[in-house]
Amino acid sequence: MDSNNSNWEAVIGLEIHVQLSTKSKLFSGASTDFGALPNTQACNIDLAMPGVLPVLNEEVLKMAVKLGIALNANINSPTSFARKNYFYPDSPKGYQISQMDKPIVEDGYLDIELEDETVKRIGITRAHLEEDAGKSLHEDFEGQSGIDLNRAGTPLIEIVSEPEISTPAEAVAYLKSIHSIIRYLDISDGNMAEGSMRCDANVSVRKKGTTELGTRTETKNVNSFRFVEKAIQYEINRQINEIESGKKITQETRLYDSQANTTRPMRSKEYANDYRYFPEPDLLPVILEKEFLKFVEESMPELPNEKRYRFKKNYELNDYDAKLLAADKELADFFEEVVKKSNSPKLSANWVMGEFLAELNKNNLSTKESKVSAKQLGTLIARIEDSTISGKIAKDVFEKMWSSSKGADEIIKEEGLQQVTDLSEIVSMVEKVINDNPDQHKKFLSGKDRLFGFFVGQVMKESKGKANPNQVNEVLKDKLKK
Amino acid sequence: MELHELTLKEQLEGLKSSSFTSVELTEHYLKRIKKIDPEINSYITITEDLALSQAKEADTRYNNKNPLDLDGIPIAHKDIFCTENILTTCGSKMLSDFIAPYSSTVVSKFIEKGTVMLGKTNMDEFAMGSSNETSYFGAVKNPWNKEYVPGGSSGGSAACVAAGLAPAATATDTGGSIRQPAALCGLTGIKPTYGRVSRYGMIAFASSLDQGGVLTRSAEDAAILMNVMSGYDPKDSTSLNVEVPDFSQEIGKPISGLKIGIPIELFEQDMPDYVRKNTNEAIDIFKELGAEIKEISFPNIDLSLPVYYVLAPAECSANLSRYDGVRYGYRCEDPKDIEDLYMRTREEGFGSEVKRRILIGTYALSAGFYDAYYLKAQKCRQLIANDFSEAFNSVDVILSPTTPGTSFKAGEKTNDPIEMYLQDIFTIPANLAGLPGISFPCGNHKDLPLGLQLVGNSLEEGKLLMAAHHFQQTTNWHKDMPKV
């Protein structure tokens, strides 16, 4: 399929819904906690009782402005709300309070880095505040649907990109970059599996070299980075096949089925809507005072790219390491804690991205849930630096730290793992190994240089790994000549 | 003199001086309601047990010498205000079994001041109507002549006060729903500045126009109740966070020098001779009281009715979407699927006037029509507001008749919506501009009352109440009560 795809190019725009991590809902005081029993976190306002009115949770304004600044966008003041009308059982008012004419964030951009390290700028059309809907539960009730309104009214910010993304890989890079930013800004946990970050992809294809846009489809329900890539790729291939077999693309909303890795059209009544937007009369336009904007600007945290350049400059890390660490705020913070204790940035970076991440992945844990603290790991690395233990021994110590929650020094002491640096002791071990292996010694002397490694190995074995490797090398070089 | 012939202010004095108890006063009203209301139909729900227990509590506080501001005063609430654990129907089949889980801010404020709730008053369905003939609970009759309508949508509140079945009643006004029934029933009715009274718990018809107020038997009584109702409510984002004056003090201020504007365009309209004559007599009374009369111009006044009948239905079409049979209220029998549930619930649960307005509003907001209707109406609304701003540069209040005539016979306008909508031609502009308006009795024609309207600048309810109060010091029309 790829062979005929080379004549085509895709035009992709993403709409990313991000749940803002406020304690209470966008327009009511009900809790936003995930996982409570159905309808226990829906108050009179969320239930759309007659006579109730929305009151804006002002916490979201700061979050939205932070995002706007991070996306190099304009902040609209006044910003205003609108009603989006549609009937659906999980939309209790029969309309959703959203933003239309004056979204809080408008006209920004994000620079993403592609695999070949080129940088591409993706325009951000807008990011607007809106309330989430409840959930319809179709499985649990035979012939009926259950409605859970706990999620109804949870604040969302919808980030709409320009259709400037060209490949599934770019879409993922963009999505990951947005994910990294919202985590850095601490405005959402960005958990795609729980739905706190959701992505809809608008995809169309056209012949390379043409400028006219093809008919687009909107694919919903894509809830992981990997699925975004797969769903978009599927949709591109599908559209090319359709057009090449003489059919036309229908403008429609499609659902991604991750198990079958296909997209299929949603039932027509789920999307055939004239939303009849009009200004929300229950909420006045919100004016964002200059002092407020200044306050938010001054309280902006360091962003992923800024951190990456600081890591390169201050810690002399290479670009790859700096980028990888900076992409994940928790990991970057962990790394900096490690360095404080270890005083060795390069070795710390290797350990954090190597042993540490491997252990996390193996146990399916997040950085926060690590069994070894940053300080403990920093101490371990410091023991490598000051030659108390070798890097190899350190790996064993790390595993013991992980399972016992003991510190590095405690384990080194208890197990007598301290490196042997006493020259006379090393000399006697070297002599013993040479004496025990006369044949190999002969071969070495007759020119088989490669046997040097064999002797190093034997000495290390003799010392149970504790001999200082540099000293062993030096002594062996000297003794083997004789 | 019987207890119901006293004004609210006089009743409060009577309670304070122990001339009678709240239980006696309450029982007097409950007895009258039982006897007279079956014919008037002004109440949907009578909260007898609650009223008596509230009255007893009030009497205890009087005995303990620590009464609340309005302790023991009976009052009726329009059935548009949510009342916790009490049926709240909004005059609709859709909510005919709806027990509200909470109380509106207005009702809570009245309870906090010690008032006794007699019941919930009848109204046009979802406050849409000018004759109280669209109620699911039946039409309300005008106590002055039972063949005539009491006006609407607060027709139940107006009829019950006029008939002496409550000393006062809360009401709401989206396009004239307090002032028009006040005029048709010979009462004083005030619609405050938009945002002066909290809308929380007041079932929405058109959110940018709705405002709660009261129907009373004098401007003095209205001032007392305005002191209770007014004020900022953090639960209503459109409520105004401004200081509330003591309206009972405001009404005592002198009237001399008050500049009253007469919009020349209004008097160029067709109106019956008796309305013109009566209005001119009222103007003369104000002149004698020391007010200055000035002619003013309202070039965009003709836009009011069309603008209103785009914006109010547009907002109502969204506000009434929540009545879908899913969570509360009426639900059709045996729905086949969700579509069927929506369609039949709304088809069966709403009356024809409500459906008419939902359809108009949905149309006006639809893709391709939005700019021509909704957006244009919003622009015209601004022009009307500008006319008022211009006028208030030179006058304090603006005078006009409240309605184009006295009450009309039941059924007379029900088949002609446009004729019905014209009832509100003088009252709608104040809603569009968010300004306060008051109507008070200024005469009668063929034994039916006539009302005079004053519209004031934003937050100047005090001036309206003051002017009405002075008028009522030299006239007696507000004291007339129908024989029921």
# chains A, B, ... in the order shown; residues from 1 in each chain; ligands from 1
$ select_by_dssp --residues "stretch 121-281 of chain A" --states "strand (DSSP E)" --output "ChimeraX atom specification"
/A:121-131,135-137,146-148,155-161,197-207,217-222,253-257,262-265,278-279
$ interface_residues --of "chain B" --to "chain A" --cutoff "6 Å" --atoms "only C-alpha atoms" --output "number ranges by chain"
B: 200-204, 207-208, 237, 321-322, 365-366
$ residues_around --residues "stretch 59-62 of chain A" --least-positions-apart "5" --cutoff "10 Å" --atoms "only C-alpha atoms" --output "PyMOL selection string"
chain A and resi 20-26+67-68+104+129+155-157+187+286+288+292-293+295-297
$ residues_around --residues "stretch 386-396 of chain A" --least-positions-apart "2" --cutoff "9 Å" --atoms "only C-alpha atoms" --output "list in words"
Glu355, Leu380, Ile381, Ala382, Arg383, Ile384, Phe398, Glu399, Lys400, Met401, Ala408, Ile412, Leu417, Gln418, Gln419, Val420, Thr421, Gly465, Lys466, Ala467, Asn468 and Pro469 of chain A
$ residues_around --residues "B:Glu125" --least-positions-apart "2" --cutoff "9 Å" --atoms "only C-alpha atoms" --output "JSON, numbers by chain"
{"B": [89, 90, 91, 92, 93, 122, 123, 127, 128, 129, 132, 133, 134, 135, 136, 137, 153, 350, 351, 353, 354]}
$ write_last_selection --atoms "N, CA, C and O atoms" --output "PDB file, in the first residue's frame"
ATOM      1  N   THR B  89     -44.345  23.947  39.978  1.00  0.00           N
ATOM      2  CA  THR B  89     -44.809  23.468  38.659  1.00  0.00           C
ATOM      3  C   THR B  89     -44.500  24.375  37.482  1.00  0.00           C
ATOM      4  O   THR B  89     -44.534  23.948  36.342  1.00  0.00           O
ATOM      5  N   CYS B  90     -44.265  25.657  37.756  1.00  0.00           N
ATOM      6  CA  CYS B  90     -44.093  26.636  36.683  1.00  0.00           C
ATOM      7  C   CYS B  90     -45.317  26.647  35.752  1.00  0.00           C
ATOM      8  O   CYS B  90     -45.226  27.008  34.587  1.00  0.00           O
ATOM      9  N   GLY B  91     -46.450  26.208  36.268  1.00  0.00           N
ATOM     10  CA  GLY B  91     -47.695  26.249  35.493  1.00  0.00           C
ATOM     11  C   GLY B  91     -47.742  25.226  34.377  1.00  0.00           C
ATOM     12  O   GLY B  91     -48.550  25.339  33.456  1.00  0.00           O
ATOM     13  N   SER B  92     -46.868  24.215  34.435  1.00  0.00           N
ATOM     14  CA  SER B  92     -46.733  23.293  33.307  1.00  0.00           C
ATOM     15  C   SER B  92     -47.041  21.852  33.696  1.00  0.00           C
ATOM     16  O   SER B  92     -46.737  21.412  34.797  1.00  0.00           O
ATOM     17  N   LYS B  93     -47.574  21.121  32.751  1.00  0.00           N
ATOM     18  CA  LYS B  93     -47.734  19.678  32.916  1.00  0.00           C
ATOM     19  C   LYS B  93     -46.358  19.033  33.074  1.00  0.00           C
ATOM     20  O   LYS B  93     -46.186  18.049  33.793  1.00  0.00           O
ATOM     21  N   ASN B 122     -50.678  30.523  40.726  1.00  0.00           N
ATOM     22  CA  ASN B 122     -50.871  30.126  39.335  1.00  0.00           C
ATOM     23  C   ASN B 122     -50.164  31.107  38.397  1.00  0.00           C
ATOM     24  O   ASN B 122     -49.880  32.251  38.770  1.00  0.00           O
ATOM     25  N   MET B 123     -49.879  30.654  37.213  1.00  0.00           N
ATOM     26  CA  MET B 123     -49.122  31.481  36.261  1.00  0.00           C
ATOM     27  C   MET B 123     -49.269  30.903  34.867  1.00  0.00           C
ATOM     28  O   MET B 123     -49.616  29.740  34.700  1.00  0.00           O
ATOM     29  N   ALA B 127     -44.151  31.005  32.361  1.00  0.00           N
ATOM     30  CA  ALA B 127     -44.212  32.474  32.334  1.00  0.00           C
ATOM     31  C   ALA B 127     -44.429  33.042  30.936  1.00  0.00           C
ATOM     32  O   ALA B 127     -44.107  34.192  30.652  1.00  0.00           O
ATOM     33  N   MET B 128     -44.993  32.209  30.038  1.00  0.00           N
ATOM     34  CA  MET B 128     -45.216  32.661  28.672  1.00  0.00           C
ATOM     35  C   MET B 128     -46.704  32.924  28.453  1.00  0.00           C
ATOM     36  O   MET B 128     -47.472  32.004  28.202  1.00  0.00           O
ATOM     37  N   GLY B 129     -47.054  34.204  28.558  1.00  0.00           N
ATOM     38  CA  GLY B 129     -48.442  34.558  28.331  1.00  0.00           C
ATOM     39  C   GLY B 129     -48.754  35.885  28.988  1.00  0.00           C
ATOM     40  O   GLY B 129     -48.012  36.365  29.843  1.00  0.00           O
ATOM     41  N   ASN B 132     -52.763  34.656  31.665  1.00  0.00           N
ATOM     42  CA  ASN B 132     -52.837  33.499  32.554  1.00  0.00           C
ATOM     43  C   ASN B 132     -53.858  32.470  32.076  1.00  0.00           C
ATOM     44  O   ASN B 132     -54.562  31.831  32.849  1.00  0.00           O
ATOM     45  N   GLU B 133     -53.917  32.335  30.742  1.00  0.00           N
ATOM     46  CA  GLU B 133     -54.793  31.305  30.167  1.00  0.00           C
ATOM     47  C   GLU B 133     -53.991  30.097  29.691  1.00  0.00           C
ATOM     48  O   GLU B 133     -54.585  29.111  29.257  1.00  0.00           O
ATOM     49  N   THR B 134     -52.627  30.173  29.732  1.00  0.00           N
ATOM     50  CA  THR B 134     -51.835  29.040  29.227  1.00  0.00           C
ATOM     51  C   THR B 134     -51.425  28.078  30.339  1.00  0.00           C
ATOM     52  O   THR B 134     -50.716  27.117  30.096  1.00  0.00           O
ATOM     53  N   SER B 135     -51.877  28.311  31.570  1.00  0.00           N
ATOM     54  CA  SER B 135     -51.501  27.429  32.673  1.00  0.00           C
ATOM     55  C   SER B 135     -52.109  26.042  32.514  1.00  0.00           C
ATOM     56  O   SER B 135     -53.288  25.903  32.165  1.00  0.00           O
ATOM     57  N   TYR B 136     -51.305  25.015  32.814  1.00  0.00           N
ATOM     58  CA  TYR B 136     -51.808  23.643  32.830  1.00  0.00           C
ATOM     59  C   TYR B 136     -52.848  23.479  33.932  1.00  0.00           C
ATOM     60  O   TYR B 136     -53.696  22.596  33.882  1.00  0.00           O
ATOM     61  N   PHE B 137     -52.783  24.352  34.929  1.00  0.00           N
ATOM     62  CA  PHE B 137     -53.688  24.247  36.081  1.00  0.00           C
ATOM     63  C   PHE B 137     -54.928  25.126  35.935  1.00  0.00           C
ATOM     64  O   PHE B 137     -55.606  25.420  36.913  1.00  0.00           O
ATOM     65  N   SER B 153     -47.611  37.080  32.937  1.00  0.00           N
ATOM     66  CA  SER B 153     -47.776  35.706  33.374  1.00  0.00           C
ATOM     67  C   SER B 153     -48.030  35.563  34.876  1.00  0.00           C
ATOM     68  O   SER B 153     -48.470  34.511  35.325  1.00  0.00           O
ATOM     69  N   PHE B 350     -45.479  19.904  27.148  1.00  0.00           N
ATOM     70  CA  PHE B 350     -45.552  21.360  26.962  1.00  0.00           C
ATOM     71  C   PHE B 350     -46.878  21.754  26.321  1.00  0.00           C
ATOM     72  O   PHE B 350     -47.403  21.039  25.469  1.00  0.00           O
ATOM     73  N   GLY B 351     -47.373  22.925  26.678  1.00  0.00           N
ATOM     74  CA  GLY B 351     -48.569  23.470  26.043  1.00  0.00           C
ATOM     75  C   GLY B 351     -48.227  24.179  24.743  1.00  0.00           C
ATOM     76  O   GLY B 351     -47.045  24.341  24.403  1.00  0.00           O
ATOM     77  N   GLU B 353     -48.453  27.344  23.582  1.00  0.00           N
ATOM     78  CA  GLU B 353     -47.721  28.613  23.549  1.00  0.00           C
ATOM     79  C   GLU B 353     -46.233  28.365  23.790  1.00  0.00           C
ATOM     80  O   GLU B 353     -45.371  28.968  23.137  1.00  0.00           O
ATOM     81  N   VAL B 354     -45.923  27.477  24.726  1.00  0.00           N
ATOM     82  CA  VAL B 354     -44.520  27.146  25.005  1.00  0.00           C
ATOM     83  C   VAL B 354     -43.887  26.534  23.766  1.00  0.00           C
ATOM     84  O   VAL B 354     -42.777  26.916  23.365  1.00  0.00           O
TER      85      VAL B 354
END
$ atom_distance --atom1 "atom CA of A:Glu462" --atom2 "atom CA of A:Glu415"
16.4 Å
$ residues_around --residues "B:Ser157" --least-positions-apart "6" --cutoff "7 Å" --atoms "only C-alpha atoms" --output "list in words"
Ser42, Lys78, Thr121, Asn122, Ala169, Thr170, Ala171 and Leu215 of chain B
$ atom_distance --atom1 "atom CA of B:Val116" --atom2 "atom CA of B:Glu10"
16.1 Å
$ closest_residue --among "B:Leu68, B:Met226, B:Gly411, B:Pro101" --to "A:Ile45" --atoms "only C-alpha atoms"
B:Pro101
$ closest_residue --among "A:Phe455, A:Phe227, A:Tyr320, A:Trp8" --to "A:Arg206" --atoms "only C-alpha atoms"
A:Trp8
$ residues_around --residues "stretch 247-262 of chain B" --least-positions-apart "4" --cutoff "9 Å" --atoms "only C-alpha atoms" --output "count of residues only"
43
$ closest_residue --among "B:Phe408, B:Phe126, B:Phe298, B:Phe81" --to "B:Ser317" --atoms "only C-alpha atoms"
B:Phe126
$ select_by_dssp --residues "stretch 317-475 of chain A" --states "alpha helix (DSSP H)" --output "ChimeraX atom specification"
/A:319-327,329-342,345-351,357-363,374-385,391-404,408-415,423-436,438-445,451-462,469-475
$ closest_residue --among "A:Lys313, A:Arg264, A:Lys208, A:Arg226" --to "A:Arg238" --atoms "only C-alpha atoms"
A:Arg264
